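Novice: Please find one structure pasted underneath; my questions will follow.
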Amino acid sequence: GQTILIPGFKAISHSIQEGESLFLLAEKLSVPPDAVRLLNQNGHNVRLQPGHRLTLPVRTDYLMDESRRPYDFFQMTEMINHLTAIYPFIRKTIAGHSVLGQPLVEISLGAGTRKVHMNASFHANEWITTSVLMTFFADYLNALVNGTSLNGIPALNLYMESTLSIIPMVNPDGVNLVLNGPPETEKSQLIGLNGGSTDFSGWKANIRGVDLNKQFPANWDFETKRLSKMPGPRDFPGFSPLTEPETEAMARLACTEKFDRLLALHTQGNEIYWGYQGLEPAESHTLAREFQKESGYEAVRYVDSFVGFKDWFIQEFRKPGFTLELGKGKNPLPFSQFDQIYGEAIGILVRALY
């Protein structure tokens, strides 16, 4: 009498057509007839009457295509709920909340001792990175339940080697602002911060005008001297480190989980930044070279920029941390570039798990 959830399948209602039988339906769905019987009280009838309704187990490969789309916070939440319903081994937690109270959702899976963290959309107008990370997660899940490979590596091997944690949208308020416009309650203030413009496509910051990837205490005093001094669309680091609920949540998560590897997805430049002040371990160089080989991106050890999440992670934990600058062009990159960007990035994401 116990109900169990079968990963990778969804139950749908089907009206029997003339000539259909339980066995024909099972063959069409590529499942054993017993799988159909288990879902139906009258499943013992081999020939069913037209119009009779059966519940059928359908593979959810279609979610792989559904995942390839732009996401605001609400669409991302809907997809995460779909995934957790269909793949019940996903673990979902809340790492913290945004300024406007939206949860920073962390989803994770894996049985390995190596902890790998990936995140996206630190910057609002880099929302395409959320699409990349959500699609990778969906593809990984589909490969797991179907016993197939991901970029040539058996998905089950990745699952057993590493535990993957992702926060697909670090800046939900900012992403919603760029894609949907300002909320009425904040509209006049945000237009003021945006120089009087109602075009928020270039907005990188959180809803308070703080650049979340310039909020971390890594060479803070030096870097903030050359950054914006007031809140606005970009490059304002705040009046002190970790003042924003989003950055405080990310720092707390890293300190609690003590990840072994970190990948922060940004756009654009086709580059991989992997060093910080000589504090990165030797493993970082090895991984950076392999990431470069997988993607064709240029691996760059040092860049004249500090106070980022990757910088702070390397400084605090002396473990491999990477900023991936996906794609080329001007932010926000058009979604028409998604297939190319994902094709370049997936090799890096898979390699990070083994």
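In the structure tokens, the first chain shown is A, the next is B, and so on; residue numbers restart at 1 for each chain, and ligands run from 1 in the order shown.
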Leaving out region 250-261 of chain A and any residue of its chain fewer than 3 positions from it, which residues lie within 9 Å of it when counting only C-alpha atoms, given as a ChimeraX atom specification?
Specialist: /A:95-96,104,114-118,165,170,216,242,245-247,309,312-313,316-317,319-322,352-353
Novice: List every residue of region 169-188 of chain A that has an atom at most 10 Å from any atom of region 119-136 of chain A, and for each one report the closest atom pair and its distance in Å to one decimal, counting only C-alpha atoms, with rows sorted by chain and then by increasing residue number, as a Markdown table.
Specialist:
```
| residue | atom | partner | partner_atom | distance |
| --- | --- | --- | --- | --- |
| A:Met169 | CA | A:Ser121 | CA | 5.0 |
| A:Val170 | CA | A:Phe122 | CA | 5.0 |
| A:Asn171 | CA | A:Phe122 | CA | 5.4 |
| A:Pro172 | CA | A:Ala124 | CA | 7.7 |
| A:Asp173 | CA | A:Ala124 | CA | 8.0 |
| A:Gly174 | CA | A:Ala124 | CA | 4.7 |
| A:Val175 | CA | A:Ala124 | CA | 4.4 |
| A:Asn176 | CA | A:Ala124 | CA | 7.9 |
| A:Leu177 | CA | A:Ala124 | CA | 7.8 |
| A:Val178 | CA | A:Asn125 | CA | 6.2 |
| A:Leu179 | CA | A:Asn125 | CA | 8.4 |
```
Novice: For region 223-234 of chain A, list every protein, DNA or RNA residue within 6 Å, evaluated using only C-alpha atoms, and leave out those in the same chain fewer than 2 positions away; present the list as a PyMOL selection string.
Specialist: chain A and resi 193-194+203-205+209-211+220-221+236
Novice: Show me, as a ChimeraX atom specification, the residues that have an atom within 12 Å of Asn81 (chain A) when counting only C-alpha atoms, minus same-chain residues fewer than 3 positions from it.
Specialist: /A:74-78,84-88,90-92,105,107
Novice: Write down as a ChimeraX atom specification the residues belonging to region 130-300 of chain A that are assigned alpha helix (DSSP H) by DSSP computed on the backbone.
Specialist: /A:130-146,155-161,172-180,187-193,220-224,245-257,282-295
Novice: Just write the chosen residues, C-alpha atoms, as a PDB file, in the first residue's frame.
Specialist:
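Saved result, result.pdb, follows:
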```pdb
ATOM      1  CA  THR A 130      20.393  30.964 -15.196  1.00  0.00           C
ATOM      2  CA  SER A 131      19.135  29.314 -18.385  1.00  0.00           C
ATOM      3  CA  VAL A 132      22.517  27.633 -18.859  1.00  0.00           C
ATOM      4  CA  LEU A 133      22.606  26.280 -15.307  1.00  0.00           C
ATOM      5  CA  MET A 134      18.967  25.140 -15.276  1.00  0.00           C
ATOM      6  CA  THR A 135      19.413  23.346 -18.595  1.00  0.00           C
ATOM      7  CA  PHE A 136      22.579  21.648 -17.375  1.00  0.00           C
ATOM      8  CA  PHE A 137      20.786  20.476 -14.232  1.00  0.00           C
ATOM      9  CA  ALA A 138      17.824  19.127 -16.241  1.00  0.00           C
ATOM     10  CA  ASP A 139      20.121  17.354 -18.713  1.00  0.00           C
ATOM     11  CA  TYR A 140      22.080  15.817 -15.841  1.00  0.00           C
ATOM     12  CA  LEU A 141      18.883  14.523 -14.214  1.00  0.00           C
ATOM     13  CA  ASN A 142      17.616  13.061 -17.464  1.00  0.00           C
ATOM     14  CA  ALA A 143      20.924  11.301 -18.107  1.00  0.00           C
ATOM     15  CA  LEU A 144      20.862   9.871 -14.574  1.00  0.00           C
ATOM     16  CA  VAL A 145      17.435   8.269 -14.776  1.00  0.00           C
ATOM     17  CA  ASN A 146      18.022   6.944 -18.288  1.00  0.00           C
ATOM     18  CA  ALA A 155      26.022  10.464 -15.410  1.00  0.00           C
ATOM     19  CA  LEU A 156      25.983   7.905 -12.616  1.00  0.00           C
ATOM     20  CA  ASN A 157      29.775   8.201 -12.293  1.00  0.00           C
ATOM     21  CA  LEU A 158      29.400  11.951 -11.796  1.00  0.00           C
ATOM     22  CA  TYR A 159      26.645  11.358  -9.248  1.00  0.00           C
ATOM     23  CA  MET A 160      28.782   8.947  -7.233  1.00  0.00           C
ATOM     24  CA  GLU A 161      31.918  11.125  -7.362  1.00  0.00           C
ATOM     25  CA  PRO A 172      16.162  37.373  -8.312  1.00  0.00           C
ATOM     26  CA  ASP A 173      14.991  40.961  -7.734  1.00  0.00           C
ATOM     27  CA  GLY A 174      17.454  42.273 -10.293  1.00  0.00           C
ATOM     28  CA  VAL A 175      16.606  39.635 -12.913  1.00  0.00           C
ATOM     29  CA  ASN A 176      12.905  40.406 -12.534  1.00  0.00           C
ATOM     30  CA  LEU A 177      13.694  44.110 -12.921  1.00  0.00           C
ATOM     31  CA  VAL A 178      15.609  43.581 -16.166  1.00  0.00           C
ATOM     32  CA  LEU A 179      13.070  41.183 -17.694  1.00  0.00           C
ATOM     33  CA  ASN A 180       9.779  42.549 -16.334  1.00  0.00           C
ATOM     34  CA  LYS A 187       9.312  52.296  -9.585  1.00  0.00           C
ATOM     35  CA  SER A 188      10.109  55.965  -8.952  1.00  0.00           C
ATOM     36  CA  GLN A 189      13.130  55.178  -6.781  1.00  0.00           C
ATOM     37  CA  LEU A 190      14.567  52.749  -9.322  1.00  0.00           C
ATOM     38  CA  ILE A 191      14.093  55.148 -12.234  1.00  0.00           C
ATOM     39  CA  GLY A 192      16.008  57.709 -10.172  1.00  0.00           C
ATOM     40  CA  LEU A 193      18.848  55.249  -9.549  1.00  0.00           C
ATOM     41  CA  TRP A 220      38.061  45.591  -0.522  1.00  0.00           C
ATOM     42  CA  ASP A 221      39.823  48.829   0.497  1.00  0.00           C
ATOM     43  CA  PHE A 222      41.851  48.958  -2.714  1.00  0.00           C
ATOM     44  CA  GLU A 223      39.092  48.044  -5.153  1.00  0.00           C
ATOM     45  CA  THR A 224      36.386  50.318  -3.754  1.00  0.00           C
ATOM     46  CA  PRO A 245      21.084  39.838   2.099  1.00  0.00           C
ATOM     47  CA  GLU A 246      22.024  38.058  -1.125  1.00  0.00           C
ATOM     48  CA  THR A 247      25.794  38.297  -0.553  1.00  0.00           C
ATOM     49  CA  GLU A 248      25.480  37.513   3.142  1.00  0.00           C
ATOM     50  CA  ALA A 249      23.554  34.346   2.206  1.00  0.00           C
ATOM     51  CA  MET A 250      26.170  33.274  -0.347  1.00  0.00           C
ATOM     52  CA  ALA A 251      29.039  33.800   2.090  1.00  0.00           C
ATOM     53  CA  ARG A 252      27.193  31.902   4.825  1.00  0.00           C
ATOM     54  CA  LEU A 253      26.478  29.004   2.456  1.00  0.00           C
ATOM     55  CA  ALA A 254      30.137  28.742   1.453  1.00  0.00           C
ATOM     56  CA  CYS A 255      31.294  28.837   5.085  1.00  0.00           C
ATOM     57  CA  THR A 256      28.744  26.211   6.120  1.00  0.00           C
ATOM     58  CA  GLU A 257      29.223  23.779   3.237  1.00  0.00           C
ATOM     59  CA  ALA A 282      47.845  23.903  -7.971  1.00  0.00           C
ATOM     60  CA  GLU A 283      44.643  22.026  -8.851  1.00  0.00           C
ATOM     61  CA  SER A 284      43.176  25.304 -10.124  1.00  0.00           C
ATOM     62  CA  HIS A 285      45.739  25.513 -12.916  1.00  0.00           C
ATOM     63  CA  THR A 286      45.095  21.910 -13.952  1.00  0.00           C
ATOM     64  CA  LEU A 287      41.343  22.432 -14.057  1.00  0.00           C
ATOM     65  CA  ALA A 288      41.659  25.767 -15.866  1.00  0.00           C
ATOM     66  CA  ARG A 289      43.668  24.163 -18.654  1.00  0.00           C
ATOM     67  CA  GLU A 290      41.113  21.378 -19.002  1.00  0.00           C
ATOM     68  CA  PHE A 291      38.220  23.861 -18.934  1.00  0.00           C
ATOM     69  CA  GLN A 292      39.974  25.784 -21.710  1.00  0.00           C
ATOM     70  CA  LYS A 293      40.330  22.615 -23.762  1.00  0.00           C
ATOM     71  CA  GLU A 294      36.665  21.701 -23.261  1.00  0.00           C
ATOM     72  CA  SER A 295      35.261  25.109 -24.182  1.00  0.00           C
TER      73      SER A 295
END
```
Novice: Which value, in Å to one decimal, gives the distance between CA of Pro154 (chain A) and CA of Glu271 (chain A)?
Specialist: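 CA of Glu271 (chain A) lies 26.9 Å from CA of Pro154 (chain A).
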Novice: Determine the nearest neighbour of Leu262 (chain A) from the options A:His14, A:Arg351, A:Arg68, A:Lys310, counting only C-alpha atoms.
Specialist: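 With only C-alpha atoms as the atom set, the closest residue is A:Lys310.
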Novice: Of the candidates A:Ser108, A:Thr185, A:Gln268, A:Gln49, which one gets nearest to Pro168 (chain A) if we count only C-alpha atoms?
Specialist: A:Ser108
Novice: Write down as JSON, numbers by chain the residues belonging to region 93-309 of chain A that are assigned strand (DSSP E or B) by DSSP computed on the backbone.
Specialist: {"A": [93, 94, 95, 96, 97, 103, 104, 105, 106, 107, 108, 109, 114, 115, 116, 117, 118, 119, 120, 149, 150, 153, 154, 162, 163, 164, 165, 166, 167, 261, 262, 263, 264, 265, 266, 267, 271, 272, 273, 298, 299, 300]}
Novice: Could you pull the residues within 8 Å of Ser13 (chain A), counting only C-alpha atoms, minus those fewer than 5 positions along the same chain, as a ChimeraX atom specification?
Specialist: /A:53-56
Novice: Between CA of Ser305 (chain A) and CA of Leu324 (chain A), what is the spacing in Å?
Specialist: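 One can read the CA of Leu324 (chain A) to CA of Ser305 (chain A) distance as 14.2 Å.
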